[in-house]
file upload-v7.pdb (PDB, C-alpha atoms)
ATOM      1  CA  MET A   1     -57.955 -54.360  55.608
ATOM      2  CA  LYS A   2     -54.277 -55.059  55.327
ATOM      3  CA  THR A   3     -54.452 -54.773  51.557
ATOM      4  CA  LYS A   4     -56.232 -51.409  51.717
ATOM      5  CA  PHE A   5     -53.747 -50.120  54.276
ATOM      6  CA  LEU A   6     -50.863 -51.085  52.012
ATOM      7  CA  ILE A   7     -52.423 -49.211  49.054
ATOM      8  CA  VAL A   8     -52.956 -46.088  51.167
ATOM      9  CA  SER A   9     -49.359 -46.262  52.438
ATOM     10  CA  VAL A  10     -47.958 -46.484  48.913
ATOM     11  CA  ALA A  11     -50.084 -43.513  47.782
ATOM     12  CA  LEU A  12     -48.939 -41.490  50.804
ATOM     13  CA  CYS A  13     -45.272 -42.247  50.084
ATOM     14  CA  SER A  14     -45.710 -41.166  46.445
ATOM     15  CA  LEU A  15     -47.260 -37.870  47.553
ATOM     16  CA  LEU A  16     -44.427 -37.210  50.015
ATOM     17  CA  ARG A  17     -41.823 -37.866  47.319
ATOM     18  CA  SER A  18     -43.649 -35.497  44.979
ATOM     19  CA  GLN A  19     -43.724 -32.777  47.645
ATOM     20  CA  SER A  20     -40.033 -33.359  48.391
ATOM     21  CA  THR A  21     -39.188 -32.964  44.672
ATOM     22  CA  ASP A  22     -41.237 -29.782  44.427
ATOM     23  CA  LEU A  23     -39.483 -28.303  47.437
ATOM     24  CA  SER A  24     -36.097 -29.200  45.971
ATOM     25  CA  ASP A  25     -36.970 -27.432  42.692
ATOM     26  CA  GLN A  26     -38.099 -24.386  44.606
ATOM     27  CA  ASP A  27     -34.741 -24.242  46.386
ATOM     28  CA  LYS A  28     -32.858 -23.978  43.073
ATOM     29  CA  VAL A  29     -31.793 -20.563  41.769
ATOM     30  CA  THR A  30     -30.462 -19.201  38.482
ATOM     31  CA  LYS A  31     -27.729 -16.584  38.342
ATOM     32  CA  VAL A  32     -26.312 -14.742  35.305
ATOM     33  CA  ILE A  33     -22.965 -12.956  35.629
ATOM     34  CA  HIS A  34     -21.074 -11.010  32.981
ATOM     35  CA  VAL A  35     -17.354 -11.630  32.567
ATOM     36  CA  HIS A  36     -14.400 -10.011  30.817
ATOM     37  CA  GLY A  37     -12.441 -13.164  29.986
ATOM     38  CA  ASP A  38     -13.238 -16.420  28.186
ATOM     39  CA  ALA A  39     -16.758 -17.259  29.402
ATOM     40  CA  GLY A  40     -16.569 -20.886  28.263
ATOM     41  CA  ALA A  41     -13.254 -21.548  30.003
ATOM     42  CA  LEU A  42     -14.411 -19.825  33.195
ATOM     43  CA  ALA A  43     -17.636 -21.869  33.219
ATOM     44  CA  ASN A  44     -15.772 -25.155  32.743
ATOM     45  CA  LEU A  45     -13.192 -24.384  35.420
ATOM     46  CA  ALA A  46     -15.554 -23.002  38.056
ATOM     47  CA  GLY A  47     -18.313 -25.532  37.350
ATOM     48  CA  THR A  48     -16.219 -28.679  37.813
ATOM     49  CA  ALA A  49     -17.495 -30.646  40.860
ATOM     50  CA  SER A  50     -19.472 -27.589  41.985
ATOM     51  CA  GLY A  51     -22.854 -29.301  42.214
ATOM     52  CA  ALA A  52     -24.322 -26.635  39.911
ATOM     53  CA  VAL A  53     -25.012 -26.514  36.190
ATOM     54  CA  VAL A  54     -22.708 -23.868  34.688
ATOM     55  CA  GLN A  55     -22.759 -22.699  31.056
ATOM     56  CA  GLY A  56     -20.736 -19.941  29.393
ATOM     57  CA  SER A  57     -21.356 -17.897  26.234
ATOM     58  CA  ASN A  58     -18.359 -16.109  24.698
ATOM     59  CA  PRO A  59     -20.425 -13.976  22.261
ATOM     60  CA  LEU A  60     -22.498 -12.675  25.204
ATOM     61  CA  ARG A  61     -19.550 -12.596  27.629
ATOM     62  CA  ALA A  62     -21.846 -14.205  30.205
ATOM     63  CA  VAL A  63     -22.018 -17.274  32.472
ATOM     64  CA  VAL A  64     -25.338 -18.850  33.563
ATOM     65  CA  ILE A  65     -25.347 -20.839  36.838
ATOM     66  CA  LYS A  66     -28.227 -23.045  38.008
ATOM     67  CA  GLY A  67     -28.410 -25.007  41.252
ATOM     68  CA  LYS A  68     -28.734 -24.697  44.997
ATOM     69  CA  ALA A  69     -28.227 -21.188  46.304
ATOM     70  CA  SER A  70     -25.087 -22.174  48.229
ATOM     71  CA  ASP A  71     -23.550 -23.935  45.211
ATOM     72  CA  VAL A  72     -24.381 -21.006  42.926
ATOM     73  CA  ALA A  73     -22.817 -18.547  45.369
ATOM     74  CA  ASN A  74     -19.615 -20.614  45.490
ATOM     75  CA  VAL A  75     -19.390 -20.708  41.686
ATOM     76  CA  VAL A  76     -19.952 -16.942  41.462
ATOM     77  CA  ARG A  77     -17.106 -16.314  43.923
ATOM     78  CA  THR A  78     -14.775 -18.633  42.003
ATOM     79  CA  ILE A  79     -15.520 -16.958  38.670
ATOM     80  CA  GLN A  80     -15.019 -13.501  40.136
ATOM     81  CA  GLU A  81     -11.622 -14.541  41.511
ATOM     82  CA  LEU A  82     -10.580 -16.058  38.170
ATOM     83  CA  ASP A  83     -11.917 -13.218  36.036
ATOM     84  CA  THR A  84      -9.366 -10.740  37.338
ATOM     85  CA  VAL A  85      -9.512  -8.139  34.531
ATOM     86  CA  SER A  86     -11.567  -5.210  35.801
ATOM     87  CA  GLU A  87     -13.623  -2.630  33.947
ATOM     88  CA  ALA A  88     -10.996  -0.026  34.835
ATOM     89  CA  ASP A  89      -8.279  -2.167  33.253
ATOM     90  CA  LEU A  90     -10.193  -2.665  30.013
ATOM     91  CA  GLY A  91     -12.457   0.319  29.623
ATOM     92  CA  GLY A  92      -9.790   2.946  28.978
ATOM     93  CA  LYS A  93      -7.751   0.974  26.461
ATOM     94  CA  ASN A  94      -7.949   0.761  22.701
ATOM     95  CA  ILE A  95      -6.664  -1.808  20.242
ATOM     96  CA  GLU A  96      -4.321  -0.551  17.560
ATOM     97  CA  LEU A  97      -3.627  -2.589  14.425
ATOM     98  CA  VAL A  98      -1.009  -2.099  11.745
ATOM     99  CA  ILE A  99      -1.738  -3.973   8.504
ATOM    100  CA  TYR A 100       0.923  -4.468   5.849
ATOM    101  CA  VAL A 101       0.041  -5.547   2.304
ATOM    102  CA  VAL A 102       3.092  -7.289   0.829
ATOM    103  CA  SER A 103       3.372  -8.546  -2.747
ATOM    104  CA  GLY A 104       5.361 -11.563  -3.846
ATOM    105  CA  SER A 105       6.365 -11.732  -7.527
ATOM    106  CA  MET A 106       9.057 -13.000  -9.857
ATOM    107  CA  GLU A 107       9.608  -9.559 -11.416
ATOM    108  CA  PRO A 108       9.936  -6.404  -9.290
ATOM    109  CA  ILE A 109       7.126  -3.849  -9.376
ATOM    110  CA  THR A 110       8.358  -0.466 -10.535
ATOM    111  CA  GLY A 111       8.096   2.277  -7.947
ATOM    112  CA  VAL A 112       7.303  -0.058  -5.021
ATOM    113  CA  SER A 113       9.668  -0.377  -2.057
ATOM    114  CA  ASP A 114      11.312  -3.603  -0.956
ATOM    115  CA  ALA A 115       9.509  -5.404   1.889
ATOM    116  CA  GLY A 116      12.793  -6.333   3.560
ATOM    117  CA  THR A 117      12.951  -3.217   5.745
ATOM    118  CA  ASP A 118      13.985  -3.335   9.384
ATOM    119  CA  LEU A 119      10.375  -3.700  10.558
ATOM    120  CA  LEU A 120       9.434  -6.465   8.127
ATOM    121  CA  ALA A 121      12.804  -8.215   7.749
ATOM    122  CA  PRO A 122      11.777 -11.287   9.857
ATOM    123  CA  VAL A 123       8.522 -11.662   7.893
ATOM    124  CA  TYR A 124      10.398 -11.253   4.617
ATOM    125  CA  ARG A 125      12.805 -14.068   5.546
ATOM    126  CA  GLN A 126       9.956 -16.400   6.517
ATOM    127  CA  LEU A 127       8.070 -15.766   3.285
ATOM    128  CA  ARG A 128      11.152 -16.288   1.192
ATOM    129  CA  ALA A 129      11.804 -19.639   2.908
ATOM    130  CA  VAL A 130       8.303 -20.907   2.053
ATOM    131  CA  PHE A 131       7.310 -19.259  -1.231
ATOM    132  CA  PRO A 132       9.424 -19.245  -4.414
ATOM    133  CA  TYR A 133       9.130 -15.562  -5.309
ATOM    134  CA  LYS A 134      12.264 -13.513  -5.975
ATOM    135  CA  ASN A 135      10.783 -10.171  -4.949
ATOM    136  CA  TYR A 136       8.797  -9.177  -1.869
ATOM    137  CA  GLN A 137       7.614  -5.579  -1.866
ATOM    138  CA  LEU A 138       5.463  -3.442   0.405
ATOM    139  CA  LEU A 139       2.340  -2.144  -1.341
ATOM    140  CA  ASN A 140       0.651  -0.414   1.585
ATOM    141  CA  THR A 141       0.639   0.135   5.337
ATOM    142  CA  MET A 142      -2.668   0.803   7.111
ATOM    143  CA  LEU A 143      -3.420   1.772  10.718
ATOM    144  CA  MET A 144      -6.692   0.875  12.496
ATOM    145  CA  ARG A 145      -7.749   1.742  16.032
ATOM    146  CA  SER A 146     -10.867   0.770  17.985
ATOM    147  CA  GLY A 147     -12.135   0.325  21.533
ATOM    148  CA  GLN A 148     -12.793  -2.936  23.328
ATOM    149  CA  ASN A 149     -15.671  -4.963  21.858
ATOM    150  CA  SER A 150     -16.041  -2.426  19.045
ATOM    151  CA  GLU A 151     -16.130  -2.893  15.305
ATOM    152  CA  ALA A 152     -13.884  -0.967  12.942
ATOM    153  CA  SER A 153     -13.457  -0.426   9.217
ATOM    154  CA  THR A 154     -11.266   1.484   6.808
ATOM    155  CA  SER A 155     -10.834   1.781   3.037
ATOM    156  CA  GLY A 156      -8.604   3.559   0.577
ATOM    157  CA  MET A 157      -6.187   3.271  -2.325
ATOM    158  CA  MET A 158      -3.078   1.121  -2.555
ATOM    159  CA  LYS A 159      -0.250   0.733  -5.019
ATOM    160  CA  SER A 160      -0.873  -1.412  -8.061
ATOM    161  CA  LEU A 161       0.763  -4.780  -8.654
ATOM    162  CA  LEU A 162       1.623  -3.730 -12.197
ATOM    163  CA  SER A 163       3.143  -0.637 -13.710
ATOM    164  CA  SER A 164       4.209   0.482 -17.164
ATOM    165  CA  PRO A 165       5.140   3.819 -18.750
ATOM    166  CA  ASP A 166       1.508   4.550 -19.554
ATOM    167  CA  PHE A 167      -0.230   2.567 -16.795
ATOM    168  CA  ASN A 168      -0.138   3.501 -13.131
ATOM    169  CA  MET A 169      -3.725   3.101 -11.988
ATOM    170  CA  PRO A 170      -3.827   2.313  -8.241
ATOM    171  CA  GLY A 171      -5.730  -0.508  -6.581
ATOM    172  CA  SER A 172      -8.209  -0.134  -3.721
ATOM    173  CA  TYR A 173      -8.868  -1.932  -0.435
ATOM    174  CA  SER A 174     -11.339  -2.196   2.418
ATOM    175  CA  ILE A 175     -10.722  -3.708   5.862
ATOM    176  CA  ARG A 176     -13.180  -4.373   8.682
ATOM    177  CA  TYR A 177     -13.797  -6.568  11.711
ATOM    178  CA  ASP A 178     -16.911  -7.093  13.834
ATOM    179  CA  ALA A 179     -15.289  -6.815  17.276
ATOM    180  CA  ALA A 180     -11.892  -6.683  18.974
ATOM    181  CA  THR A 181     -11.574  -8.324  22.397
ATOM    182  CA  VAL A 182      -8.726  -9.059  24.790
ATOM    183  CA  SER A 183      -8.350 -12.290  26.759
ATOM    184  CA  ALA A 184      -7.991 -12.280  30.558
ATOM    185  CA  GLU A 185      -4.670 -14.130  30.533
ATOM    186  CA  THR A 186      -1.460 -12.879  32.130
ATOM    187  CA  SER A 187      -0.051 -12.477  28.628
ATOM    188  CA  PRO A 188      -3.271 -11.491  26.816
ATOM    189  CA  SER A 189      -4.138 -12.223  23.218
ATOM    190  CA  ILE A 190      -6.170  -9.931  20.984
ATOM    191  CA  HIS A 191      -9.077 -11.526  19.134
ATOM    192  CA  LEU A 192     -10.546 -10.013  15.960
ATOM    193  CA  ALA A 193     -13.959 -11.409  15.057
ATOM    194  CA  LYS A 194     -14.624 -11.794  11.320
ATOM    195  CA  PHE A 195     -11.608  -9.854  10.139
ATOM    196  CA  LYS A 196     -12.119  -9.162   6.420
ATOM    197  CA  PHE A 197      -9.790  -7.726   3.800
ATOM    198  CA  GLU A 198     -10.971  -7.060   0.251
ATOM    199  CA  GLY A 199      -8.930  -5.520  -2.532
ATOM    200  CA  LYS A 200      -9.456  -4.596  -6.170
ATOM    201  CA  VAL A 201      -6.285  -5.022  -8.189
ATOM    202  CA  PRO A 202      -6.035  -3.674 -11.771
ATOM    203  CA  PHE A 203      -4.154  -5.716 -14.334
ATOM    204  CA  ILE A 204      -3.203  -5.088 -17.952
ATOM    205  CA  THR A 205      -5.041  -7.077 -20.619
ATOM    206  CA  GLY A 206      -3.290  -5.593 -23.646
ATOM    207  CA  PRO A 207      -2.693  -2.429 -25.664
ATOM    208  CA  SER A 208      -5.608  -0.209 -26.497
ATOM    209  CA  SER A 209      -6.709  -0.108 -30.150
ATOM    210  CA  THR A 210      -7.093   3.659 -29.980
ATOM    211  CA  ARG A 211      -5.014   6.281 -28.219
ATOM    212  CA  SER A 212      -6.636   9.186 -26.458
ATOM    213  CA  LYS A 213      -5.514  12.645 -27.529
ATOM    214  CA  ASP A 214      -5.479  13.649 -23.907
ATOM    215  CA  SER A 215      -1.900  12.849 -22.910
ATOM    216  CA  SER A 216      -2.706  13.591 -19.250
ATOM    217  CA  ILE A 217      -4.474  10.213 -18.971
ATOM    218  CA  PRO A 218      -1.568   7.939 -17.924
ATOM    219  CA  TYR A 219      -3.149   4.647 -18.991
ATOM    220  CA  ALA A 220      -4.840   5.838 -22.196
ATOM    221  CA  THR A 221      -2.989   3.333 -24.385
ATOM    222  CA  THR A 222      -3.602   0.322 -22.146
ATOM    223  CA  ASN A 223      -6.596  -1.947 -21.680
ATOM    224  CA  PHE A 224      -7.063  -3.170 -18.128
ATOM    225  CA  GLN A 225      -9.473  -5.021 -15.863
ATOM    226  CA  GLN A 226      -9.791  -5.396 -12.106
ATOM    227  CA  ALA A 227      -9.447  -8.595 -10.076
ATOM    228  CA  THR A 228     -11.187  -8.800  -6.689
ATOM    229  CA  ILE A 229      -9.271 -10.583  -3.957
ATOM    230  CA  GLY A 230     -10.207 -11.164  -0.347
ATOM    231  CA  ILE A 231      -9.473 -12.786   2.998
ATOM    232  CA  GLU A 232     -12.009 -13.373   5.797
ATOM    233  CA  THR A 233     -11.141 -15.110   9.060
ATOM    234  CA  ASN A 234     -11.115 -14.856  12.855
ATOM    235  CA  VAL A 235      -7.708 -13.714  14.082
ATOM    236  CA  ASP A 236      -5.850 -14.203  17.380
ATOM    237  CA  LEU A 237      -2.720 -12.103  17.938
ATOM    238  CA  ARG A 238      -0.194 -11.702  20.706
ATOM    239  CA  GLU A 239       0.674  -8.087  21.369
ATOM    240  CA  GLY A 240       3.581  -6.954  19.176
ATOM    241  CA  GLN A 241       3.698 -10.182  17.143
ATOM    242  CA  LYS A 242       3.662  -9.883  13.339
ATOM    243  CA  VAL A 243       1.452 -12.565  11.804
ATOM    244  CA  VAL A 244       0.799 -13.457   8.167
ATOM    245  CA  ILE A 245      -2.946 -14.066   8.347
ATOM    246  CA  GLY A 246      -3.597 -14.877   4.699
ATOM    247  CA  THR A 247      -2.501 -14.941   1.089
ATOM    248  CA  SER A 248      -4.395 -14.314  -2.119
ATOM    249  CA  ASN A 249      -3.161 -15.181  -5.593
ATOM    250  CA  VAL A 250      -3.562 -12.766  -8.485
ATOM    251  CA  GLU A 251      -3.172 -15.169 -11.384
ATOM    252  CA  THR A 252      -3.300 -12.550 -14.101
ATOM    253  CA  ALA A 253      -0.446 -10.660 -12.496
ATOM    254  CA  SER A 254       1.642 -13.755 -11.613
ATOM    255  CA  ALA A 255       1.822 -12.460  -8.073
ATOM    256  CA  THR A 256       0.511 -13.104  -4.561
ATOM    257  CA  LEU A 257      -0.592 -10.672  -1.888
ATOM    258  CA  PHE A 258       0.313 -11.396   1.739
ATOM    259  CA  LEU A 259      -1.535  -9.723   4.601
ATOM    260  CA  VAL A 260       0.646  -9.133   7.670
ATOM    261  CA  VAL A 261      -0.959  -7.859  10.885
ATOM    262  CA  THR A 262       0.416  -6.720  14.220
ATOM    263  CA  ALA A 263      -1.562  -5.441  17.217
ATOM    264  CA  ARG A 264      -0.974  -3.669  20.505
ATOM    265  CA  MET A 265      -2.980  -2.242  23.398
ATOM    266  CA  ALA A 266      -3.072   1.549  23.542
ATOM    267  CA  GLN A 267      -4.547   4.120  25.920
TER
END
call {"tool": "encode", "arguments": {"input": "upload-v7.pdb", "output": "structure tokens"}}
result
Amino acid sequence: MKTKFLIVSVALCSLLRSQSTDLSDQDKVTKVIHVHGDAGALANLAGTASGAVVQGSNPLRAVVIKGKASDVANVVRTIQELDTVSEADLGGKNIELVIYVVSGSMEPITGVSDAGTDLLAPVYRQLRAVFPYKNYQLLNTMLMRSGQNSEASTSGMMKSLLSSPDFNMPGSYSIRYDAATVSAETSPSIHLAKFKFEGKVPFITGPSSTRSKDSSIPYATTNFQQATIGIETNVDLREGQKVVIGTSNVETASATLFLVVTARMAQ
């Protein structure tokens, strides 16, 4: 009898533990909240020693919280206090970019202005200290504007790296990014997801064997080809800061293109 009683007692204890576990699982809740700032950083900060499981997704701008209802509620309050940027603060603002395409070369490009203007003088000095080119010239200036979390793109013509009396064919460019977001810091940074610049740069390959009778064609006596150059990267900018985000060599032209970007928040 004692042996049977012991077996029954063990079985009863196992059942009680199982019921206790089930009740504990039923008490757990899951909460999803959307944030304006860095979801990963907010999840790490608010989730430390909280008793809940907290995960953040920056692409979704969301934090998932799992745990006891009281623990989840505490984490939600902490995140809301930390994520201080409101919809009103962000919703009415746009992001404005200015992109400068600067060439570096040993010989100056005819008809292209010097890059060492008042606006670009600091960038010009930095480039000259690092790269051995004698001439830095501004090929193009582009303006882009988009809303928060929006994509943007632009394309057009830009000045050529090369020029000659009978060759002045322009180059072309396209610029895009998938989304522009602003961090929730006191001094916010602007993040551009998958910023991409692509350009087509004509270069001279030699004199043409035949000359067109139509003198209105400015490059009729010149053979040329086009080189495709590009830069693709994620970009983080402080408002008003000018940043060289990439370079691309054009071997056939003995020159390099530098992409300089500055950003600001605008209404």
call {"tool": "resolve_selection", "arguments": {"input": "upload-v7.pdb", "expression": "the PyMOL selection byres ((chain A and resi 67) around 7)", "output": "list in words"}}
result
Lys28, Val29, Thr30, Ala52, Val53, Ile65, Lys66, Lys68, Ala69, Asp71 and Val72 of chain A
call {"tool": "closest_residue", "arguments": {"input": "upload-v7.pdb", "among": "A:Arg61, A:Lys159, A:Lys194, A:Arg125", "to": "A:Ile175", "atoms": "all atoms listed in the file"}}
result
A:Lys194
call {"tool": "atom_distance", "arguments": {"input": "upload-v7.pdb", "atom1": "atom CA of A:Ala193", "atom2": "atom CA of A:Ile79"}}
result
24.3 Å
call {"tool": "resolve_selection", "arguments": {"input": "upload-v7.pdb", "expression": "the PyMOL selection byres ((chain A and resi 107) around 12)", "output": "list in words"}}
result
Ser103, Gly104, Ser105, Met106, Pro108, Ile109, Thr110, Val112, Pro132, Tyr133, Lys134, Asn135, Tyr136, Gln137, Leu161, Leu162, Ser163, Ala253, Ser254, Ala255 and Thr256 of chain A
call {"tool": "atom_distance", "arguments": {"input": "upload-v7.pdb", "atom1": "atom CA of A:Asn223", "atom2": "atom CA of A:Phe258"}}
result
26.2 Å
call {"tool": "decode", "arguments": {"input": "upload-v7.pdb", "residues": "stretch 27-75 of chain A", "atoms": "C-alpha atoms", "output": "mmCIF file, in the first residue's frame"}}
result
data_model
loop_
_atom_site.group_PDB
_atom_site.id
_atom_site.type_symbol
_atom_site.label_atom_id
_atom_site.label_comp_id
_atom_site.auth_asym_id
_atom_site.auth_seq_id
_atom_site.Cartn_x
_atom_site.Cartn_y
_atom_site.Cartn_z
ATOM 1 C CA ASP A 27 -0.821 34.724 -18.017
ATOM 2 C CA LYS A 28 1.759 35.802 -20.619
ATOM 3 C CA VAL A 29 0.861 38.472 -23.181
ATOM 4 C CA THR A 30 2.402 39.785 -26.395
ATOM 5 C CA LYS A 31 2.431 43.471 -27.259
ATOM 6 C CA VAL A 32 3.595 45.182 -30.475
ATOM 7 C CA ILE A 33 4.290 48.924 -30.425
ATOM 8 C CA HIS A 34 5.478 51.132 -33.270
ATOM 9 C CA VAL A 35 8.289 53.596 -32.617
ATOM 10 C CA HIS A 36 9.876 56.587 -34.334
ATOM 11 C CA GLY A 37 13.455 56.082 -33.150
ATOM 12 C CA ASP A 38 15.938 53.200 -33.268
ATOM 13 C CA ALA A 39 13.780 50.148 -32.491
ATOM 14 C CA GLY A 40 16.759 47.923 -31.678
ATOM 15 C CA ALA A 41 18.297 50.404 -29.241
ATOM 16 C CA LEU A 42 14.943 51.068 -27.564
ATOM 17 C CA ALA A 43 14.314 47.323 -27.170
ATOM 18 C CA ASN A 44 17.748 46.722 -25.635
ATOM 19 C CA LEU A 45 17.475 49.647 -23.229
ATOM 20 C CA ALA A 46 13.895 49.072 -22.092
ATOM 21 C CA GLY A 47 14.211 45.277 -21.998
ATOM 22 C CA THR A 48 17.231 45.096 -19.684
ATOM 23 C CA ALA A 49 16.226 43.423 -16.372
ATOM 24 C CA SER A 50 12.552 43.904 -17.262
ATOM 25 C CA GLY A 51 11.518 40.271 -16.882
ATOM 26 C CA ALA A 52 10.080 40.345 -20.418
ATOM 27 C CA VAL A 53 11.422 39.260 -23.788
ATOM 28 C CA VAL A 54 11.847 42.402 -25.912
ATOM 29 C CA GLN A 55 12.859 42.462 -29.591
ATOM 30 C CA GLY A 56 13.125 45.425 -31.960
ATOM 31 C CA SER A 57 13.008 45.645 -35.765
ATOM 32 C CA ASN A 58 14.408 48.807 -37.372
ATOM 33 C CA PRO A 59 13.021 48.072 -40.878
ATOM 34 C CA LEU A 60 9.513 47.724 -39.384
ATOM 35 C CA ARG A 61 10.024 50.478 -36.790
ATOM 36 C CA ALA A 62 8.416 48.145 -34.247
ATOM 37 C CA VAL A 63 9.151 46.541 -30.859
ATOM 38 C CA VAL A 64 7.644 43.180 -29.796
ATOM 39 C CA ILE A 65 7.294 42.521 -26.038
ATOM 40 C CA LYS A 66 6.410 39.139 -24.519
ATOM 41 C CA GLY A 67 5.954 38.355 -20.834
ATOM 42 C CA LYS A 68 3.723 38.912 -17.844
ATOM 43 C CA ALA A 69 1.151 41.637 -18.325
ATOM 44 C CA SER A 70 2.699 43.816 -15.607
ATOM 45 C CA ASP A 71 6.217 43.455 -17.044
ATOM 46 C CA VAL A 72 4.983 44.188 -20.569
ATOM 47 C CA ALA A 73 3.147 47.296 -19.372
ATOM 48 C CA ASN A 74 6.307 48.574 -17.662
ATOM 49 C CA VAL A 75 8.371 48.060 -20.826
#
